[in-house]
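Data first, discussion second: the structure below is written as C-alpha cells.
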Amino acid sequence: MRISERLRYETVAGRINDAKEQNSNAMEELSSQRRIEKLSDDPVGSSQIIRFRDQIENVRQFQTNIEYSKGFLERSEEALQAINNNLIRAKELSVAMSNSTYDPSSREATSREIREIMDEIITLGNSTFNGRYVFGGFRNQTPTLNLDGDFMGDDGIVHLELSSGNFRPVSLNGRDVFEATPEEMKKGHFNMIESLNLLYNGMHNNDPDSIHRAMNELEHQLDKTSAGIASVGAMSTAINDTGARLSGDETTLRGHLSKVQDSDMYHASSEFKRTEAVLQGTLMASTKLLQPSLLNFLQ
C-alpha cells in the first residue's frame with residue numbers, strides 16, 4: 001500500500017512538473033518571439049540559423065567595403081571635378097591673354113592667378129579619404145604630388161571584395177591624370193603642372209608663343225581629367241549596382257532566418273494559453289489525489 005501511494009504521488013508530481021515546463025517554455029517563446037533559443041530546441045533549425053547568420057555577416061562585411069568604396073570614389077570625383085574646373089579657368093585666361101590687346105602688366109597680373117591655380121591643383125591632387133591619398137595607387141600613405149607637382153605615387157589600382165569572389169577597382173591610376181605617358185611625350189605633351197607652368201612663364205615673361213602653346217596643351221589636360229571623371233563614374237555605377245543587389249540578398253537571408261528562428265505569434269499565443277489551461281487542469285485534478293499540503297509543496 002505504501003508503494004502504491006508513493007507511486008501515485010510521483011506520477012502526479014511528474015505530470016505537474018511536465019505541465020509547468022511546457023507552460024514555461026511557451027511563455028519564454030512568447031516573450032522572446034523566437035522559436036529556437038538553444039541547440040536542443042531544434043538541432044536542424046539551429047544549424048540553419050548558424051548558416052544564415054554567417055551569410056548575413058559576410059554580406060554586412062561586403063556592404064562595409066561598398067560604403068568605403070563609395071566614399072573613396074566620391075572623394076576622387078570631387079577632386080577631379082575641382083581640378084577640371086581649375087583647368088577650365090586656366091584655359092579661359094590663356095585664351096584671353098593670348099589676345100594682343102593685353103599689355104605685359106596685364107599678363108603679369110594674370111600669371112599670379114595661374115600660380116594660385118597650380119597650387120590649388122597640387123592640393124587637390126593630394127586629396128585624401130580616411131587617411132589615404134586617393135590618387136597615389138599603393139603608395140597612398142604619402143602625398144601623391146610634391147610641391148613642384150611631380151607625381152610621386154605608383155601605378156597600383158586598389159581592389160576591394162564587394163561580393164563573394166568579386167573584386168572591383170575602387171581607385172584611379174593617378175599617373176594617367178597628372179603625368180604624361182611616353183607616347184604623349186613623343187607627341188609634345190607635358191605633365192599637368194608643367195602645362196600650367198608653361199602658361200605661367202608665358203604670361204610672366206610676356207611670351208605670346210608660350211601662351212598659345214600652353215592653351216593647346218590645356219585642352220589635352222582637360223580631355224585627360226574628363227576621361228578620369230568618366231572612369232570614376234563607371235566604377236561608382238558598378239559599385240552601386242552591387243550594393244543594391246547585396247541589400248536584396250540581405251533582405252532575403254533575413255527572411256529565411258526569421259522563418260526558421262522566429263515564432264508564429266498567433267501560434268505561440270495559442271500554445272501558451274493551451275499549456276496554461278493544461279497546467280491549471282492538472283493542478284485541479286491533482287487535488288483529488290493528493291493532500292492539499294503536499295499539493296501546495298509541489299506547486
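Letters A, B, ... go to the chains of the C-alpha cells in the order shown; residues in each chain start at 1; ligands are counted from 1 in the same order.
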- If we count only C-alpha atoms, what is near Phe138 of chain A at a cut-off of 9 Å, once residues fewer than 4 positions away on the same chain are taken out, given as a PyMOL selection string? chain A and resi 153-158
Would you save the residues of that selection, restricted to N, CA and C atoms, as a compact mmCIF listing (two decimals), in the first residue's frame?
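Saved as again.txt:
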```
# COMPACT_ATOMS: atom_id res chain seq x y z
N GLY A 153 53.35 58.93 -56.77
CA GLY A 153 52.66 57.67 -56.49
C GLY A 153 53.16 56.55 -57.38
N ASP A 154 52.35 55.49 -57.51
CA ASP A 154 52.69 54.38 -58.40
C ASP A 154 51.47 54.03 -59.24
N ASP A 155 51.58 52.95 -59.99
CA ASP A 155 50.51 52.56 -60.91
C ASP A 155 49.51 51.58 -60.29
N GLY A 156 49.59 51.38 -58.98
CA GLY A 156 48.71 50.42 -58.33
C GLY A 156 47.24 50.85 -58.37
N ILE A 157 46.39 49.86 -58.57
CA ILE A 157 44.94 50.08 -58.54
C ILE A 157 44.37 49.31 -57.35
N VAL A 158 43.71 50.00 -56.44
CA VAL A 158 43.15 49.37 -55.25
C VAL A 158 41.89 48.61 -55.62
```
Can you pull out every residue from segment 155-207 of chain A that DSSP, working from the backbone, puts in strand (DSSP E or B), and format the result as a PDB file with N, CA and C atoms, in the first residue's frame?
```
ATOM      1  N   HIS A 159      41.835  47.326 -55.235  1.00  0.00           N
ATOM      2  CA  HIS A 159      40.639  46.496 -55.435  1.00  0.00           C
ATOM      3  C   HIS A 159      40.098  46.071 -54.075  1.00  0.00           C
ATOM      4  N   LEU A 160      38.788  46.004 -53.963  1.00  0.00           N
ATOM      5  CA  LEU A 160      38.147  45.506 -52.753  1.00  0.00           C
ATOM      6  C   LEU A 160      37.136  44.428 -53.140  1.00  0.00           C
ATOM      7  N   GLU A 161      36.974  43.437 -52.247  1.00  0.00           N
ATOM      8  CA  GLU A 161      35.992  42.383 -52.484  1.00  0.00           C
ATOM      9  C   GLU A 161      34.610  42.903 -52.095  1.00  0.00           C
ATOM     10  N   LEU A 162      33.743  43.047 -53.081  1.00  0.00           N
ATOM     11  CA  LEU A 162      32.423  43.622 -52.853  1.00  0.00           C
ATOM     12  C   LEU A 162      31.311  42.580 -52.817  1.00  0.00           C
ATOM     13  N   SER A 163      31.626  41.376 -53.232  1.00  0.00           N
ATOM     14  CA  SER A 163      30.754  40.215 -53.072  1.00  0.00           C
ATOM     15  C   SER A 163      31.650  38.995 -53.181  1.00  0.00           C
ATOM     16  N   ASN A 166      34.215  38.562 -55.917  1.00  0.00           N
ATOM     17  CA  ASN A 166      34.083  39.678 -56.860  1.00  0.00           C
ATOM     18  C   ASN A 166      34.898  40.875 -56.367  1.00  0.00           C
ATOM     19  N   PHE A 167      36.105  41.035 -56.924  1.00  0.00           N
ATOM     20  CA  PHE A 167      36.980  42.144 -56.557  1.00  0.00           C
ATOM     21  C   PHE A 167      36.840  43.252 -57.592  1.00  0.00           C
ATOM     22  N   ARG A 168      36.512  44.451 -57.131  1.00  0.00           N
ATOM     23  CA  ARG A 168      36.275  45.583 -58.019  1.00  0.00           C
ATOM     24  C   ARG A 168      37.324  46.676 -57.800  1.00  0.00           C
ATOM     25  N   PRO A 169      37.747  47.357 -58.888  1.00  0.00           N
ATOM     26  CA  PRO A 169      38.656  48.505 -58.717  1.00  0.00           C
ATOM     27  C   PRO A 169      37.916  49.668 -58.080  1.00  0.00           C
TER      28      PRO A 169
END
```
Cut-off 10 Å: closest segment 137-217 of chain A/segment 87-108 of chain A atom pairs per residue, using only C-alpha atoms, as JSON lines:
```
{"residue": "A:Met192", "atom": "CA", "partner": "A:Leu87", "partner_atom": "CA", "distance": 9.3}
{"residue": "A:Leu196", "atom": "CA", "partner": "A:Ala90", "partner_atom": "CA", "distance": 7.7}
{"residue": "A:Leu199", "atom": "CA", "partner": "A:Ser94", "partner_atom": "CA", "distance": 7.2}
{"residue": "A:Tyr200", "atom": "CA", "partner": "A:Glu108", "partner_atom": "CA", "distance": 8.7}
{"residue": "A:Asn201", "atom": "CA", "partner": "A:Glu108", "partner_atom": "CA", "distance": 9.3}
{"residue": "A:Gly202", "atom": "CA", "partner": "A:Arg107", "partner_atom": "CA", "distance": 8.5}
{"residue": "A:Met203", "atom": "CA", "partner": "A:Arg107", "partner_atom": "CA", "distance": 4.8}
{"residue": "A:His204", "atom": "CA", "partner": "A:Glu108", "partner_atom": "CA", "distance": 4.8}
{"residue": "A:Asn205", "atom": "CA", "partner": "A:Glu108", "partner_atom": "CA", "distance": 7.6}
{"residue": "A:Asn206", "atom": "CA", "partner": "A:Pro104", "partner_atom": "CA", "distance": 5.4}
{"residue": "A:Asp207", "atom": "CA", "partner": "A:Pro104", "partner_atom": "CA", "distance": 9.0}
{"residue": "A:Pro208", "atom": "CA", "partner": "A:Ser98", "partner_atom": "CA", "distance": 5.9}
{"residue": "A:Asp209", "atom": "CA", "partner": "A:Ser98", "partner_atom": "CA", "distance": 8.4}
{"residue": "A:Ser210", "atom": "CA", "partner": "A:Ser98", "partner_atom": "CA", "distance": 9.3}
{"residue": "A:Ile211", "atom": "CA", "partner": "A:Ser94", "partner_atom": "CA", "distance": 6.2}
{"residue": "A:His212", "atom": "CA", "partner": "A:Ser98", "partner_atom": "CA", "distance": 6.4}
{"residue": "A:Arg213", "atom": "CA", "partner": "A:Ser94", "partner_atom": "CA", "distance": 9.5}
{"residue": "A:Ala214", "atom": "CA", "partner": "A:Ser94", "partner_atom": "CA", "distance": 7.5}
{"residue": "A:Met215", "atom": "CA", "partner": "A:Ser94", "partner_atom": "CA", "distance": 5.6}
{"residue": "A:Asn216", "atom": "CA", "partner": "A:Lys91", "partner_atom": "CA", "distance": 8.6}
{"residue": "A:Glu217", "atom": "CA", "partner": "A:Lys91", "partner_atom": "CA", "distance": 9.3}
```
- d(atom CA of Glu74 of chain A, atom CA of Ser231 of chain A) in Å: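 Value for the atom CA of Glu74 of chain A-atom CA of Ser231 of chain A distance: 12.1 Å.
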- Any idea what the distance is between atom CA of Val232 of chain A and atom CA of Leu147 of chain A? 25.6 Å
- Nearest-residue call for Ile117 of chain A, choices A:Ser195, A:Ser247, A:Thr225, A:Asn173, using only C-alpha atoms: A:Ser195
- One-decimal distance in Å that lies between atom CA of Thr144 of chain A and atom CA of Ala230 of chain A: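 Those two atoms sit 20.8 Å apart.
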For Leu73 of chain A, work out the shell of residues within 7 Å, counting only C-alpha atoms and skipping chain neighbours fewer than 3 positions away, then give it as a compact mmCIF listing (two decimals) with C-alpha atoms, in the first residue's frame.
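Saved as result33.txt:
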```txt
# COMPACT_ATOMS: atom_id res chain seq x y z
CA SER A 69 34.47 52.33 -51.90
CA LYS A 70 31.68 54.85 -52.39
CA SER A 76 38.18 61.15 -56.10
CA GLU A 77 35.40 62.50 -58.29
CA VAL A 170 37.91 51.44 -56.44
CA SER A 171 40.76 53.80 -57.37
CA VAL A 232 35.31 57.07 -61.70
CA SER A 236 30.70 54.13 -58.94
```
- Item | Non-local contacts of Asp148 of chain A (10 Å; only C-alpha atoms; under 4 positions in same chain excluded) as number ranges by chain | A: 118-119, 122, 193-194, 197
- Counting only C-alpha atoms, the residue of A:Ile50, A:Leu218, A:Tyr68, A:Gly228 that sits nearest Arg175 of chain A: A:Gly228
- Write down as number ranges by chain the residues belonging to segment 102-254 of chain A that are assigned alpha helix (DSSP H) by DSSP computed on the backbone. A: 104-125, 174-178, 182-186, 192-204, 208-254
Can you write out the residues you just picked, keeping C-alpha atoms, as a PDB file, in the first residue's frame?
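Now in selection_22.pdb:
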```pdb
ATOM      1  CA  PRO A 104      52.709  92.928 -70.282  1.00  0.00           C
ATOM      2  CA  SER A 105      51.395  94.265 -66.967  1.00  0.00           C
ATOM      3  CA  SER A 106      48.002  92.618 -67.513  1.00  0.00           C
ATOM      4  CA  ARG A 107      49.660  89.297 -68.316  1.00  0.00           C
ATOM      5  CA  GLU A 108      51.914  89.605 -65.295  1.00  0.00           C
ATOM      6  CA  ALA A 109      48.904  90.202 -63.059  1.00  0.00           C
ATOM      7  CA  THR A 110      47.083  87.211 -64.578  1.00  0.00           C
ATOM      8  CA  SER A 111      50.135  84.995 -64.065  1.00  0.00           C
ATOM      9  CA  ARG A 112      49.596  85.320 -60.321  1.00  0.00           C
ATOM     10  CA  GLU A 113      46.160  83.703 -60.687  1.00  0.00           C
ATOM     11  CA  ILE A 114      47.744  80.913 -62.722  1.00  0.00           C
ATOM     12  CA  ARG A 115      50.186  80.338 -59.864  1.00  0.00           C
ATOM     13  CA  GLU A 116      47.236  80.067 -57.464  1.00  0.00           C
ATOM     14  CA  ILE A 117      45.575  77.565 -59.796  1.00  0.00           C
ATOM     15  CA  MET A 118      48.756  75.473 -59.837  1.00  0.00           C
ATOM     16  CA  ASP A 119      48.899  75.436 -56.051  1.00  0.00           C
ATOM     17  CA  GLU A 120      45.214  74.536 -55.834  1.00  0.00           C
ATOM     18  CA  ILE A 121      45.590  71.635 -58.272  1.00  0.00           C
ATOM     19  CA  ILE A 122      48.564  70.272 -56.314  1.00  0.00           C
ATOM     20  CA  THR A 123      46.430  70.419 -53.163  1.00  0.00           C
ATOM     21  CA  LEU A 124      43.559  68.647 -54.925  1.00  0.00           C
ATOM     22  CA  GLY A 125      45.977  66.040 -56.292  1.00  0.00           C
ATOM     23  CA  GLY A 174      46.770  58.919 -60.765  1.00  0.00           C
ATOM     24  CA  ARG A 175      49.725  58.761 -63.120  1.00  0.00           C
ATOM     25  CA  ASP A 176      47.299  58.781 -66.056  1.00  0.00           C
ATOM     26  CA  VAL A 177      45.889  62.076 -64.799  1.00  0.00           C
ATOM     27  CA  PHE A 178      48.926  64.061 -63.675  1.00  0.00           C
ATOM     28  CA  PRO A 182      55.924  58.186 -73.049  1.00  0.00           C
ATOM     29  CA  GLU A 183      53.591  58.182 -76.070  1.00  0.00           C
ATOM     30  CA  GLU A 184      52.149  61.545 -75.060  1.00  0.00           C
ATOM     31  CA  MET A 185      55.634  62.977 -74.587  1.00  0.00           C
ATOM     32  CA  LYS A 186      56.565  61.912 -78.109  1.00  0.00           C
ATOM     33  CA  MET A 192      49.666  68.669 -65.925  1.00  0.00           C
ATOM     34  CA  ILE A 193      51.604  71.061 -63.692  1.00  0.00           C
ATOM     35  CA  GLU A 194      54.252  71.556 -66.399  1.00  0.00           C
ATOM     36  CA  SER A 195      51.464  72.672 -68.742  1.00  0.00           C
ATOM     37  CA  LEU A 196      50.323  75.265 -66.219  1.00  0.00           C
ATOM     38  CA  ASN A 197      53.895  76.284 -65.539  1.00  0.00           C
ATOM     39  CA  LEU A 198      54.371  76.901 -69.272  1.00  0.00           C
ATOM     40  CA  LEU A 199      51.334  79.179 -69.185  1.00  0.00           C
ATOM     41  CA  TYR A 200      52.588  80.926 -66.073  1.00  0.00           C
ATOM     42  CA  ASN A 201      56.005  81.615 -67.598  1.00  0.00           C
ATOM     43  CA  GLY A 202      54.411  82.765 -70.850  1.00  0.00           C
ATOM     44  CA  MET A 203      52.356  85.370 -69.016  1.00  0.00           C
ATOM     45  CA  HIS A 204      55.104  86.301 -66.583  1.00  0.00           C
ATOM     46  CA  PRO A 208      52.585  85.006 -76.631  1.00  0.00           C
ATOM     47  CA  ASP A 209      54.012  81.865 -78.259  1.00  0.00           C
ATOM     48  CA  SER A 210      54.272  80.089 -74.896  1.00  0.00           C
ATOM     49  CA  ILE A 211      50.756  81.205 -74.023  1.00  0.00           C
ATOM     50  CA  HIS A 212      49.415  79.749 -77.283  1.00  0.00           C
ATOM     51  CA  ARG A 213      51.321  76.516 -76.759  1.00  0.00           C
ATOM     52  CA  ALA A 214      50.029  76.224 -73.193  1.00  0.00           C
ATOM     53  CA  MET A 215      46.485  76.966 -74.345  1.00  0.00           C
ATOM     54  CA  ASN A 216      46.561  73.991 -76.738  1.00  0.00           C
ATOM     55  CA  GLU A 217      48.157  71.775 -74.092  1.00  0.00           C
ATOM     56  CA  LEU A 218      45.456  72.634 -71.564  1.00  0.00           C
ATOM     57  CA  GLU A 219      42.876  71.245 -73.961  1.00  0.00           C
ATOM     58  CA  HIS A 220      44.704  67.908 -73.787  1.00  0.00           C
ATOM     59  CA  GLN A 221      44.808  68.071 -69.978  1.00  0.00           C
ATOM     60  CA  LEU A 222      41.073  68.735 -69.891  1.00  0.00           C
ATOM     61  CA  ASP A 223      40.493  65.653 -72.030  1.00  0.00           C
ATOM     62  CA  LYS A 224      42.516  63.563 -69.556  1.00  0.00           C
ATOM     63  CA  THR A 225      40.664  64.799 -66.496  1.00  0.00           C
ATOM     64  CA  SER A 226      37.317  64.292 -68.247  1.00  0.00           C
ATOM     65  CA  ALA A 227      38.331  60.711 -69.014  1.00  0.00           C
ATOM     66  CA  GLY A 228      39.267  60.251 -65.360  1.00  0.00           C
ATOM     67  CA  ILE A 229      35.892  61.572 -64.211  1.00  0.00           C
ATOM     68  CA  ALA A 230      34.139  59.199 -66.619  1.00  0.00           C
ATOM     69  CA  SER A 231      36.169  56.228 -65.300  1.00  0.00           C
ATOM     70  CA  VAL A 232      35.308  57.072 -61.702  1.00  0.00           C
ATOM     71  CA  GLY A 233      31.648  57.413 -62.659  1.00  0.00           C
ATOM     72  CA  ALA A 234      31.666  53.968 -64.282  1.00  0.00           C
ATOM     73  CA  MET A 235      33.251  52.420 -61.185  1.00  0.00           C
ATOM     74  CA  SER A 236      30.700  54.133 -58.945  1.00  0.00           C
ATOM     75  CA  THR A 237      27.810  52.835 -61.048  1.00  0.00           C
ATOM     76  CA  ALA A 238      29.110  49.256 -60.860  1.00  0.00           C
ATOM     77  CA  ILE A 239      29.566  49.525 -57.091  1.00  0.00           C
ATOM     78  CA  ASN A 240      26.097  50.998 -56.582  1.00  0.00           C
ATOM     79  CA  ASP A 241      24.597  48.125 -58.578  1.00  0.00           C
ATOM     80  CA  THR A 242      26.468  45.602 -56.438  1.00  0.00           C
ATOM     81  CA  GLY A 243      25.322  47.385 -53.284  1.00  0.00           C
ATOM     82  CA  ALA A 244      21.678  47.247 -54.387  1.00  0.00           C
ATOM     83  CA  ARG A 245      21.980  43.527 -55.093  1.00  0.00           C
ATOM     84  CA  LEU A 246      23.576  42.898 -51.700  1.00  0.00           C
ATOM     85  CA  SER A 247      20.761  44.762 -49.973  1.00  0.00           C
ATOM     86  CA  GLY A 248      18.314  42.427 -51.668  1.00  0.00           C
ATOM     87  CA  ASP A 249      20.399  39.408 -50.665  1.00  0.00           C
ATOM     88  CA  GLU A 250      20.431  40.537 -47.036  1.00  0.00           C
ATOM     89  CA  THR A 251      16.670  41.017 -47.036  1.00  0.00           C
ATOM     90  CA  THR A 252      16.202  37.501 -48.448  1.00  0.00           C
ATOM     91  CA  LEU A 253      18.589  35.943 -45.930  1.00  0.00           C
ATOM     92  CA  ARG A 254      16.925  37.717 -43.025  1.00  0.00           C
TER      93      ARG A 254
END
```
